[in-house]
>>> print(open('my_file-v2.tsv').read())   # TSV, C-alpha atoms
chain	number	residue	atom	x	y	z
A	1	MET	CA	-43.34	-236.37	114.02
A	2	THR	CA	-40.53	-236.08	111.44
A	3	ALA	CA	-37.19	-234.89	112.78
A	4	PRO	CA	-36.13	-231.71	111.02
A	5	ARG	CA	-33.21	-231.74	108.62
A	6	LEU	CA	-30.15	-230.26	110.28
A	7	VAL	CA	-27.73	-228.10	108.34
A	8	TYR	CA	-24.58	-226.70	109.90
A	9	CYS	CA	-22.41	-224.06	108.19
A	10	HIS	CA	-18.76	-223.96	109.22
A	11	CYS	CA	-18.14	-220.52	107.64
A	12	ALA	CA	-14.72	-221.91	106.72
A	13	TYR	CA	-13.48	-218.94	104.73
A	14	ALA	CA	-13.87	-216.16	107.27
A	15	LYS	CA	-13.42	-215.64	110.96
A	16	VAL	CA	-16.73	-213.93	111.55
A	17	VAL	CA	-18.40	-216.78	113.44
A	18	PRO	CA	-16.72	-217.26	116.83
A	19	ALA	CA	-14.57	-220.40	116.61
A	20	GLU	CA	-15.60	-221.58	120.06
A	21	VAL	CA	-19.29	-221.36	119.16
A	22	LYS	CA	-19.11	-223.17	115.84
A	23	GLY	CA	-16.65	-225.71	117.29
A	24	GLU	CA	-18.91	-226.57	120.19
A	25	VAL	CA	-22.04	-226.76	118.02
A	26	LEU	CA	-20.25	-229.13	115.63
A	27	ARG	CA	-18.93	-231.19	118.53
A	28	ARG	CA	-22.46	-231.58	119.93
A	29	LEU	CA	-23.81	-232.50	116.49
A	30	CYS	CA	-21.10	-235.15	116.09
A	31	ALA	CA	-21.86	-236.54	119.54
A	32	SER	CA	-25.59	-236.77	118.81
A	33	GLY	CA	-26.98	-239.74	116.98
A	34	ARG	CA	-28.64	-237.46	114.44
A	35	GLU	CA	-28.14	-237.23	110.72
A	36	PHE	CA	-26.89	-233.85	109.52
A	37	GLU	CA	-25.40	-231.94	106.65
A	38	ALA	CA	-22.28	-230.02	107.63
A	39	VAL	CA	-21.23	-227.61	104.89
A	40	ALA	CA	-17.93	-225.83	104.65
A	41	ASP	CA	-19.45	-222.49	103.72
A	42	LEU	CA	-22.98	-221.55	102.68
A	43	CYS	CA	-21.61	-218.43	100.98
A	44	GLU	CA	-19.50	-220.64	98.74
A	45	MET	CA	-22.50	-222.82	97.91
A	46	SER	CA	-24.48	-219.70	97.05
A	47	ALA	CA	-21.66	-218.30	94.91
A	48	ARG	CA	-21.41	-221.60	93.05
A	49	LYS	CA	-25.20	-221.93	92.86
A	50	ASP	CA	-24.81	-225.39	94.33
A	51	PRO	CA	-27.91	-227.50	93.55
A	52	GLU	CA	-27.79	-228.92	97.09
A	53	LEU	CA	-29.23	-225.59	98.27
A	54	ARG	CA	-32.42	-226.35	96.35
A	55	ARG	CA	-32.71	-229.61	98.23
A	56	TYR	CA	-32.31	-227.79	101.54
A	57	ALA	CA	-35.10	-225.44	100.44
A	58	ASP	CA	-37.49	-228.20	99.34
A	59	GLY	CA	-40.00	-227.57	102.11
A	60	THR	CA	-38.78	-230.24	104.54
A	61	PRO	CA	-38.69	-228.76	108.05
A	62	THR	CA	-35.08	-227.61	108.42
A	63	ARG	CA	-32.90	-226.01	111.05
A	64	ILE	CA	-29.83	-224.20	109.82
A	65	ALA	CA	-26.99	-223.24	112.15
A	66	ALA	CA	-25.21	-220.42	110.37
A	67	CYS	CA	-25.22	-216.64	110.71
A	68	PHE	CA	-27.81	-213.87	110.42
A	69	PRO	CA	-31.17	-215.15	109.13
A	70	ARG	CA	-31.43	-212.23	106.67
A	71	ALA	CA	-28.05	-213.16	105.17
A	72	VAL	CA	-28.95	-216.85	104.91
A	73	LYS	CA	-32.31	-216.06	103.31
A	74	TRP	CA	-30.78	-213.95	100.57
A	75	LEU	CA	-27.83	-216.27	100.01
A	76	PHE	CA	-30.32	-219.02	99.16
A	77	HIS	CA	-32.29	-216.61	97.00
A	78	ALA	CA	-29.13	-215.59	95.13
A	79	ALA	CA	-28.57	-219.25	94.28
A	80	GLN	CA	-32.11	-219.54	92.85
A	81	ALA	CA	-33.06	-221.70	95.81
A	82	PRO	CA	-35.41	-219.47	97.83
A	83	LEU	CA	-36.16	-220.78	101.29
A	84	PRO	CA	-39.82	-221.48	101.98
A	85	ALA	CA	-41.53	-218.95	104.23
A	86	GLN	CA	-42.47	-221.67	106.71
A	87	GLY	CA	-40.56	-224.57	108.18
A	88	VAL	CA	-37.01	-223.22	108.09
A	89	GLU	CA	-35.37	-221.92	111.22
A	90	VAL	CA	-32.00	-220.19	111.06
A	91	LEU	CA	-29.91	-220.22	114.22
A	92	ASN	CA	-27.38	-217.43	114.37
A	93	MET	CA	-23.96	-218.58	115.59
A	94	ARG	CA	-22.60	-215.03	115.28
A	95	GLU	CA	-24.83	-213.85	118.11
A	96	LYS	CA	-26.12	-216.82	120.07
A	97	THR	CA	-24.17	-219.04	122.42
A	98	ALA	CA	-23.20	-222.60	121.50
A	99	ASP	CA	-25.65	-223.86	124.14
A	100	GLU	CA	-28.52	-221.90	122.64
A	101	VAL	CA	-27.75	-222.99	119.08
A	102	ALA	CA	-26.98	-226.64	119.78
A	103	GLY	CA	-29.88	-226.88	122.22
A	104	ARG	CA	-32.38	-225.71	119.64
A	105	LEU	CA	-30.74	-227.56	116.76
A	106	LEU	CA	-31.00	-230.88	118.54
A	107	GLU	CA	-34.36	-230.26	120.19
A	108	GLU	CA	-36.68	-233.13	119.42
A	109	ASP	CA	-39.89	-231.40	118.36
A	110	ALA	CA	-39.89	-229.99	114.84
B	1	MET	CA	-17.35	-233.62	93.97
B	2	ASN	CA	-16.89	-232.24	97.46
B	3	ARG	CA	-19.66	-233.99	99.37
B	4	VAL	CA	-18.37	-236.80	101.54
B	5	MET	CA	-19.54	-239.07	104.35
B	6	LEU	CA	-17.60	-241.06	106.89
B	7	ALA	CA	-18.05	-244.65	105.72
B	8	ASP	CA	-17.21	-246.07	109.14
B	9	ASP	CA	-19.09	-243.41	111.13
B	10	ALA	CA	-20.68	-245.95	113.49
B	11	SER	CA	-17.32	-247.25	114.65
B	12	LEU	CA	-15.92	-243.81	115.51
B	13	SER	CA	-15.95	-242.15	118.88
B	14	ALA	CA	-17.66	-238.76	119.05
B	15	GLU	CA	-14.25	-237.10	119.33
B	16	GLN	CA	-12.78	-238.97	116.33
B	17	ARG	CA	-15.88	-238.09	114.29
B	18	TYR	CA	-15.61	-234.44	115.30
B	19	GLY	CA	-11.90	-234.30	114.41
B	20	ALA	CA	-12.48	-235.81	110.99
B	21	VAL	CA	-15.56	-233.70	110.18
B	22	ALA	CA	-13.94	-230.45	111.34
B	23	ALA	CA	-10.81	-231.14	109.25
B	24	LEU	CA	-12.89	-231.94	106.17
B	25	LEU	CA	-14.93	-228.75	106.58
B	26	GLU	CA	-11.79	-226.67	107.01
B	27	SER	CA	-10.56	-228.12	103.70
B	28	GLY	CA	-13.75	-227.15	101.87
B	29	PHE	CA	-15.58	-230.49	101.94
B	30	ASN	CA	-19.25	-230.79	102.82
B	31	VAL	CA	-19.92	-233.72	105.13
B	32	ARG	CA	-23.14	-235.66	105.23
B	33	ARG	CA	-23.91	-237.85	108.19
B	34	GLY	CA	-26.38	-240.51	107.11
B	35	ALA	CA	-26.85	-242.41	103.87
B	36	ALA	CA	-27.47	-240.45	100.68
B	37	GLU	CA	-26.78	-240.66	96.98
B	38	GLY	CA	-23.89	-238.88	95.34
B	39	VAL	CA	-21.71	-238.77	98.45
B	40	LEU	CA	-18.14	-240.00	98.52
B	41	PRO	CA	-17.55	-242.51	101.32
B	42	ILE	CA	-14.31	-241.89	103.19
B	43	ARG	CA	-12.89	-244.14	105.88
B	44	ALA	CA	-11.77	-242.34	109.04
B	45	SER	CA	-10.98	-244.96	111.68
B	46	GLY	CA	-7.30	-245.31	112.43
B	47	ARG	CA	-6.53	-242.12	110.55
B	48	GLU	CA	-5.48	-238.72	111.78
B	49	PRO	CA	-7.83	-235.93	110.61
B	50	ARG	CA	-5.19	-234.76	108.08
B	51	ALA	CA	-5.05	-238.26	106.57
B	52	VAL	CA	-8.86	-238.28	106.30
B	53	VAL	CA	-8.64	-235.04	104.32
B	54	ASP	CA	-5.92	-236.51	102.08
B	55	ALA	CA	-8.13	-239.53	101.42
B	56	ALA	CA	-11.04	-237.23	100.55
B	57	LEU	CA	-8.84	-235.15	98.24
B	58	ALA	CA	-7.65	-238.29	96.46
B	59	ALA	CA	-11.20	-239.59	96.09
B	60	ALA	CA	-12.58	-236.26	94.89
B	61	GLY	CA	-10.20	-236.10	91.92
B	62	ALA	CA	-9.67	-232.73	90.28
B	63	PRO	CA	-9.62	-229.79	92.69
B	64	ARG	CA	-12.54	-227.39	92.47
B	65	ALA	CA	-12.13	-223.99	90.91
B	66	PRO	CA	-11.25	-221.38	93.54
B	67	TRP	CA	-13.90	-218.94	94.65
B	68	LYS	CA	-13.83	-215.60	96.40
B	69	PRO	CA	-15.61	-215.34	99.75
B	70	TRP	CA	-16.49	-211.69	99.24
B	71	PHE	CA	-19.48	-210.66	97.17
B	72	PRO	CA	-22.66	-208.68	97.67
B	73	VAL	CA	-26.08	-210.21	98.20
B	74	ILE	CA	-29.21	-208.16	97.56
B	75	ASP	CA	-32.06	-208.10	100.07
B	76	TYR	CA	-35.00	-207.75	97.69
B	77	ASP	CA	-37.35	-207.08	100.59
B	78	ARG	CA	-35.59	-203.72	100.91
B	79	CYS	CA	-34.25	-203.01	97.42
B	80	THR	CA	-36.17	-200.35	95.47
B	81	ASN	CA	-34.30	-200.93	92.20
B	82	CYS	CA	-32.87	-197.40	92.35
B	83	MET	CA	-29.68	-198.55	90.51
B	84	GLN	CA	-27.33	-196.53	92.70
B	85	CYS	CA	-25.21	-199.63	93.26
B	86	LEU	CA	-25.03	-200.28	89.52
B	87	THR	CA	-23.96	-196.77	88.72
B	88	PHE	CA	-21.58	-196.53	91.64
B	89	CYS	CA	-19.73	-199.86	91.53
B	90	LEU	CA	-16.34	-199.47	89.89
B	91	PHE	CA	-16.03	-203.13	89.07
B	92	ASP	CA	-19.23	-203.84	87.12
B	93	VAL	CA	-20.49	-206.30	89.69
B	94	TYR	CA	-24.11	-205.31	89.08
B	95	GLY	CA	-26.37	-205.62	86.06
B	96	VAL	CA	-30.06	-205.89	85.30
B	97	ASP	CA	-32.09	-208.93	84.31
B	98	LYS	CA	-34.53	-209.01	81.42
B	99	ASN	CA	-37.14	-207.31	83.60
B	100	GLN	CA	-34.74	-204.45	84.37
B	101	LYS	CA	-34.36	-205.68	87.91
B	102	ILE	CA	-31.01	-205.09	89.56
B	103	GLN	CA	-28.97	-208.21	90.22
B	104	VAL	CA	-25.45	-209.28	91.09
B	105	GLN	CA	-24.04	-210.48	87.78
B	106	HIS	CA	-20.26	-210.57	88.11
B	107	GLU	CA	-19.65	-211.30	91.77
B	108	THR	CA	-16.06	-212.40	91.21
B	109	ASN	CA	-15.29	-208.83	90.08
B	110	CYS	CA	-16.04	-207.58	93.59
B	111	LYS	CA	-13.16	-205.94	95.38
B	112	THR	CA	-12.35	-207.93	98.52
B	113	ASP	CA	-13.24	-206.10	101.73
B	114	CYS	CA	-14.90	-203.24	99.88
B	115	PRO	CA	-18.45	-202.61	101.15
B	116	ALA	CA	-18.78	-199.30	99.30
B	117	CYS	CA	-21.92	-200.22	97.33
B	118	SER	CA	-23.56	-201.27	100.56
B	119	ARG	CA	-22.72	-197.91	102.08
B	120	VAL	CA	-24.12	-196.13	99.06
B	121	CYS	CA	-27.40	-198.08	99.05
B	122	PRO	CA	-30.06	-195.75	100.48
B	123	GLU	CA	-32.17	-198.71	101.63
B	124	VAL	CA	-29.39	-200.72	103.32
B	125	ALA	CA	-30.38	-203.53	100.95
B	126	ILE	CA	-26.91	-204.83	100.11
B	127	LEU	CA	-25.33	-207.40	102.37
B	128	PHE	CA	-21.86	-208.79	102.63
B	129	PRO	CA	-22.39	-211.85	104.83
B	130	LYS	CA	-18.72	-211.95	105.80
B	131	TYR	CA	-18.56	-208.30	106.83
B	132	LYS	CA	-17.70	-207.66	110.46
B	133	ALA	CA	-20.54	-205.35	111.45
B	134	GLY	CA	-24.28	-204.91	111.06
B	135	PRO	CA	-26.43	-204.24	109.22
B	136	ILE	CA	-24.10	-204.91	106.25
B	137	ASN	CA	-23.44	-208.43	107.60
B	138	GLY	CA	-27.14	-209.28	107.46
B	139	ASP	CA	-28.07	-208.19	110.95
B	140	VAL	CA	-31.56	-206.74	111.34
B	141	VAL	CA	-31.81	-203.23	109.87
B	142	LYS	CA	-32.95	-200.74	112.44
B	143	GLN	CA	-34.46	-197.36	111.72
B	144	ASP	CA	-31.30	-195.74	113.07
B	145	ASP	CA	-29.19	-197.71	110.57
B	146	VAL	CA	-31.21	-196.37	107.67
B	147	LYS	CA	-30.79	-192.83	108.95
B	148	ARG	CA	-27.11	-193.30	109.64
B	149	GLU	CA	-26.37	-194.88	106.27
B	150	ALA	CA	-28.33	-192.21	104.46
B	151	MET	CA	-26.55	-189.51	106.41
B	152	LYS	CA	-23.16	-191.07	105.91
B	153	VAL	CA	-23.23	-191.65	102.20
B	154	ASP	CA	-25.96	-190.14	100.22
B	155	ILE	CA	-24.38	-190.80	96.82
B	156	SER	CA	-24.77	-187.23	95.71
B	157	ALA	CA	-23.10	-186.06	98.87
B	158	LEU	CA	-20.37	-188.65	98.61
B	159	LEU	CA	-19.56	-188.07	94.99
B	160	GLY	CA	-20.70	-184.57	94.36
B	161	GLY	CA	-20.40	-182.92	97.71
B	162	ASP	CA	-18.55	-184.08	100.77
B	163	LEU	CA	-15.84	-186.22	99.28
B	164	TYR	CA	-15.12	-184.31	96.13
B	165	GLY	CA	-15.76	-181.03	97.83
B	166	ALA	CA	-13.28	-181.96	100.50
B	167	LEU	CA	-10.84	-183.21	97.92
B	168	ARG	CA	-11.16	-180.11	95.80
B	169	THR	CA	-10.59	-177.88	98.79
B	170	ARG	CA	-7.61	-179.94	99.79
B	171	GLN	CA	-6.32	-179.98	96.25
B	172	THR	CA	-6.70	-176.24	95.89
B	173	GLU	CA	-4.91	-175.72	99.14
B	174	ALA	CA	-2.27	-178.21	98.11
B	175	ARG	CA	-1.91	-176.53	94.72
B	176	GLN	CA	-1.47	-173.18	96.40
B	177	ARG	CA	1.14	-174.66	98.60
B	178	PHE	CA	2.65	-176.41	95.61
B	179	SER	CA	2.85	-173.17	93.65
B	180	THR	CA	4.65	-171.54	96.51
B	181	GLU	CA	6.63	-174.48	97.71
B	182	ARG	CA	7.11	-176.22	94.36
B	183	ASP	CA	6.70	-179.50	96.12
B	184	ALA	CA	4.51	-182.00	94.25
B	185	SER	CA	5.12	-184.78	96.69
B	186	LYS	CA	3.62	-182.74	99.54
B	187	ALA	CA	0.42	-182.17	97.57
B	188	LEU	CA	0.19	-185.83	96.75
B	189	LEU	CA	0.77	-186.79	100.35
B	190	GLU	CA	-1.96	-184.39	101.39
B	191	ARG	CA	-4.40	-185.97	98.92
B	192	LYS	CA	-3.52	-189.42	100.15
B	193	ARG	CA	-3.96	-188.37	103.75
B	194	CYS	CA	-7.36	-186.89	103.01
B	195	LEU	CA	-8.50	-190.03	101.21
B	196	LYS	CA	-7.19	-192.22	103.97
B	197	GLU	CA	-9.23	-190.29	106.53
B	198	LEU	CA	-12.38	-190.66	104.48
B	199	GLY	CA	-11.63	-194.29	103.78
B	200	LYS	CA	-11.31	-194.99	107.48
B	201	GLN	CA	-14.65	-193.34	108.17
B	202	LEU	CA	-16.42	-195.40	105.50
B	203	ASP	CA	-14.33	-198.59	105.81
B	204	ILE	CA	-13.54	-198.54	102.09
B	205	PRO	CA	-10.16	-199.85	100.91
B	206	ASP	CA	-7.63	-197.17	99.90
B	207	GLU	CA	-7.22	-198.44	96.36
B	208	VAL	CA	-10.97	-198.18	95.76
B	209	LEU	CA	-11.05	-194.63	97.06
B	210	MET	CA	-8.03	-193.72	94.97
B	211	SER	CA	-9.82	-194.88	91.84
B	212	LEU	CA	-13.22	-193.41	92.58
B	213	PRO	CA	-14.81	-192.12	89.40
B	214	THR	CA	-15.47	-188.46	88.96
B	215	VAL	CA	-18.99	-187.06	89.18
B	216	GLU	CA	-18.95	-186.86	85.37
B	217	ASP	CA	-17.97	-190.52	85.13
B	218	ILE	CA	-20.81	-191.53	87.42
B	219	GLN	CA	-23.27	-189.44	85.46
B	220	SER	CA	-22.15	-190.83	82.12
B	221	ARG	CA	-22.25	-194.37	83.52
B	222	ALA	CA	-25.81	-193.77	84.69
B	223	GLU	CA	-26.67	-192.38	81.25
B	224	ARG	CA	-25.16	-195.42	79.55
B	225	ALA	CA	-27.15	-197.74	81.82
B	226	LYS	CA	-30.32	-195.81	81.01
B	227	GLU	CA	-29.58	-195.94	77.28
B	228	LYS	CA	-28.96	-199.68	77.46
B	229	MET	CA	-32.28	-200.16	79.20
B	230	ALA	CA	-34.07	-197.97	76.68
B	231	GLN	CA	-32.47	-199.87	73.78
B	232	ARG	CA	-33.47	-203.16	75.30
B	233	GLN	CA	-37.03	-201.97	75.84
B	234	ALA	CA	-37.16	-200.64	72.27
B	235	ARG	CA	-35.86	-203.95	70.97
B	236	SER	CA	-38.46	-205.95	72.85
B	237	GLN	CA	-41.13	-203.51	71.60
B	238	THR	CA	-39.90	-203.94	68.00
B	239	VAL	CA	-40.04	-207.70	68.37
B	240	LYS	CA	-43.62	-207.39	69.57
B	241	ASP	CA	-44.57	-204.99	66.76
B	242	HIS	CA	-43.10	-207.22	64.08
B	243	ARG	CA	-44.98	-210.27	65.01
B	244	PRO	CA	-47.24	-211.27	62.13
B	245	PRO	CA	-50.79	-210.18	62.70
B	246	PRO	CA	-53.07	-212.91	63.99
B	247	SER	CA	-54.61	-215.07	61.32
B	248	ASP	CA	-58.37	-215.22	60.73
B	249	LYS	CA	-58.36	-218.54	62.47
B	250	GLU	CA	-56.62	-217.04	65.50
B	251	TRP	CA	-59.15	-214.22	65.52
B	252	GLY	CA	-61.86	-216.86	65.40
B	253	ILE	CA	-63.25	-215.51	62.09
>>> encode(input="my_file-v2.tsv", output="structure tokens")
Amino acid sequence: MTAPRLVYCHCAYAKVVPAEVKGEVLRRLCASGREFEAVADLCEMSARKDPELRRYADGTPTRIAACFPRAVKWLFHAAQAPLPAQGVEVLNMREKTADEVAGRLLEEDA
Amino acid sequence: MNRVMLADDASLSAEQRYGAVAALLESGFNVRRGAAEGVLPIRASGREPRAVVDAALAAAGAPRAPWKPWFPVIDYDRCTNCMQCLTFCLFDVYGVDKNQKIQVQHETNCKTDCPACSRVCPEVAILFPKYKAGPINGDVVKQDDVKREAMKVDISALLGGDLYGALRTRQTEARQRFSTERDASKALLERKRCLKELGKQLDIPDEVLMSLPTVEDIQSRAERAKEKMAQRQARSQTVKDHRPPPSDKEWGI
């Protein structure tokens, strides 16, 4: 089974994601042996229409640790990189605990 | 380029890796762990996180253009293309595409911390991902939210009724007071106080409220948008009508 692509958003330009949650999720990612993409701010990538977003939306099973799934969905859409309906899971660091997010992010089965 | 990787990742402790990655993210770099093309390799071992960032800045070359982390995003699952945001926004953030579909066209025009268009949207279809509260921040829209938003700022009520009505009443009262007291500053203070109260209720910055267009402005803006659309439709119709008629060959004669 292919391991899902892991994307982590640091929401660097606002304090809306609790610092202790995003800090702990990043710490656990860094301690894992897994490959990942840590991005400074998905909003910035959307505003700049960063072509990397298209790669993240290419259909590869992906887990994104960021904020509200509705916001992430439409941020990708705004950058002309709509997320596929299947295979992408958004984990909300604004509402979930670091344990919940990191646990799911690093779970083995895709 | 702002995409980097730690070239000596394997030799770092988890804590060193975390320190370097967190510092790079805070400075606007995206960090890839694992080999990939088009990623700047940065060495981190033996360096403090700040020095890793300096190395990345030096390797990246010219700094990227600044951006503004405040702009609206449209939820097209909810949007009904009613154009209220387009007619309401004071800063021309919205426009329409060639299919007359509403879109965010000039996001950098958006007034930081102003969620007014989102409040005006009858379908709660406008998000500001960095807003503090739901559903504007992208949280799930509940039936109560739709009711509350509609109740709070039906555009006609906001611009034609409640707000302007309240302002007019206040202004009239202030004018009466002014005529008796001859004190312009008191009237102005009263207007400011009234706007501040409304601004607090709607979480709209003072300067936006102070420059709200009049009902007439909004109506004429809506008219102009309609005219533009009509002109565009007429133009595309004219282009269609002026195509040369199909040849005999094309007709299959």
>>> closest_atom_pairs(input="my_file-v2.tsv", of="chain B", to="chain A", cutoff="7 Å", atoms="all atoms listed in the file", output="tab-separated table")
residue	atom	partner	partner_atom	distance
B:Ala14	CA	A:Ala31	CA	4.8
B:Arg17	CA	A:Cys30	CA	6.3
B:Tyr18	CA	A:Cys30	CA	5.6
B:Leu25	CA	A:Ala40	CA	4.6
B:Glu26	CA	A:Ala12	CA	5.6
B:Gly28	CA	A:Ala40	CA	5.2
B:Phe29	CA	A:Ala40	CA	5.9
B:Asn30	CA	A:Val39	CA	4.3
B:Val31	CA	A:Ala38	CA	5.1
B:Arg32	CA	A:Glu37	CA	4.6
B:Arg33	CA	A:Glu35	CA	5.0
B:Gly34	CA	A:Glu35	CA	5.2
B:Pro69	CA	A:Tyr13	CA	6.5
B:Val73	CA	A:Trp74	CA	6.5
B:Ile74	CA	A:Trp74	CA	6.7
B:Asp75	CA	A:Trp74	CA	6.0
B:Leu127	CA	A:Ala71	CA	7.0
B:Pro129	CA	A:Ala71	CA	5.8
B:Lys130	CA	A:Val16	CA	6.4
B:Lys132	CA	A:Val16	CA	6.4
B:Gly138	CA	A:Ala71	CA	4.6
B:Asp139	CA	A:Phe68	CA	5.7
>>> atom_distance(input="my_file-v2.tsv", atom1="atom CA of A:Pro51", atom2="atom CA of A:Leu6")
17.1 Å
>>> atom_distance(input="my_file-v2.tsv", atom1="atom CA of B:Ile126", atom2="atom CA of A:Val25")
28.7 Å
>>> atom_distance(input="my_file-v2.tsv", atom1="atom CA of B:Ala35", atom2="atom CA of B:Ala60")
17.9 Å
>>> closest_residue(input="my_file-v2.tsv", among="B:Glu123, B:Asp113, B:Asp203, B:Asp9", to="B:Lys147", atoms="all atoms listed in the file")
B:Glu123
>>> residues_near_point(input="my_file-v2.tsv", point="(-18.6, -237.7, 91.6)", cutoff="9 Å", atoms="all atoms listed in the file", output="JSON, numbers by chain")
{"B": [1, 2, 3, 38, 39, 40, 59, 60, 61]}
>>> decode(input="my_file-v2.tsv", residues="stretch 34-56 of chain B", atoms="C-alpha atoms", output="PDB file, in the first residue's frame")
ATOM      1  CA  GLY B  34      12.753  13.748   0.934  1.00  0.00           C
ATOM      2  CA  ALA B  35      14.394  14.073  -2.455  1.00  0.00           C
ATOM      3  CA  ALA B  36      12.655  16.125  -5.143  1.00  0.00           C
ATOM      4  CA  GLU B  37      13.490  18.332  -8.080  1.00  0.00           C
ATOM      5  CA  GLY B  38      13.570  22.094  -7.849  1.00  0.00           C
ATOM      6  CA  VAL B  39      14.328  22.214  -4.130  1.00  0.00           C
ATOM      7  CA  LEU B  40      17.206  24.201  -2.678  1.00  0.00           C
ATOM      8  CA  PRO B  41      19.430  22.052  -0.457  1.00  0.00           C
ATOM      9  CA  ILE B  42      20.399  23.807   2.773  1.00  0.00           C
ATOM     10  CA  ARG B  43      22.835  22.448   5.329  1.00  0.00           C
ATOM     11  CA  ALA B  44      21.615  22.592   8.927  1.00  0.00           C
ATOM     12  CA  SER B  45      24.045  20.615  11.088  1.00  0.00           C
ATOM     13  CA  GLY B  46      26.165  22.768  13.351  1.00  0.00           C
ATOM     14  CA  ARG B  47      23.971  25.775  12.676  1.00  0.00           C
ATOM     15  CA  GLU B  48      21.497  27.570  14.872  1.00  0.00           C
ATOM     16  CA  PRO B  49      18.013  27.772  13.312  1.00  0.00           C
ATOM     17  CA  ARG B  50      18.560  31.489  12.545  1.00  0.00           C
ATOM     18  CA  ALA B  51      21.744  30.645  10.625  1.00  0.00           C
ATOM     19  CA  VAL B  52      19.839  27.994   8.644  1.00  0.00           C
ATOM     20  CA  VAL B  53      17.334  30.672   7.642  1.00  0.00           C
ATOM     21  CA  ASP B  54      20.160  33.042   6.659  1.00  0.00           C
ATOM     22  CA  ALA B  55      21.672  30.307   4.500  1.00  0.00           C
ATOM     23  CA  ALA B  56      18.288  29.715   2.853  1.00  0.00           C
TER      24      ALA B  56
END
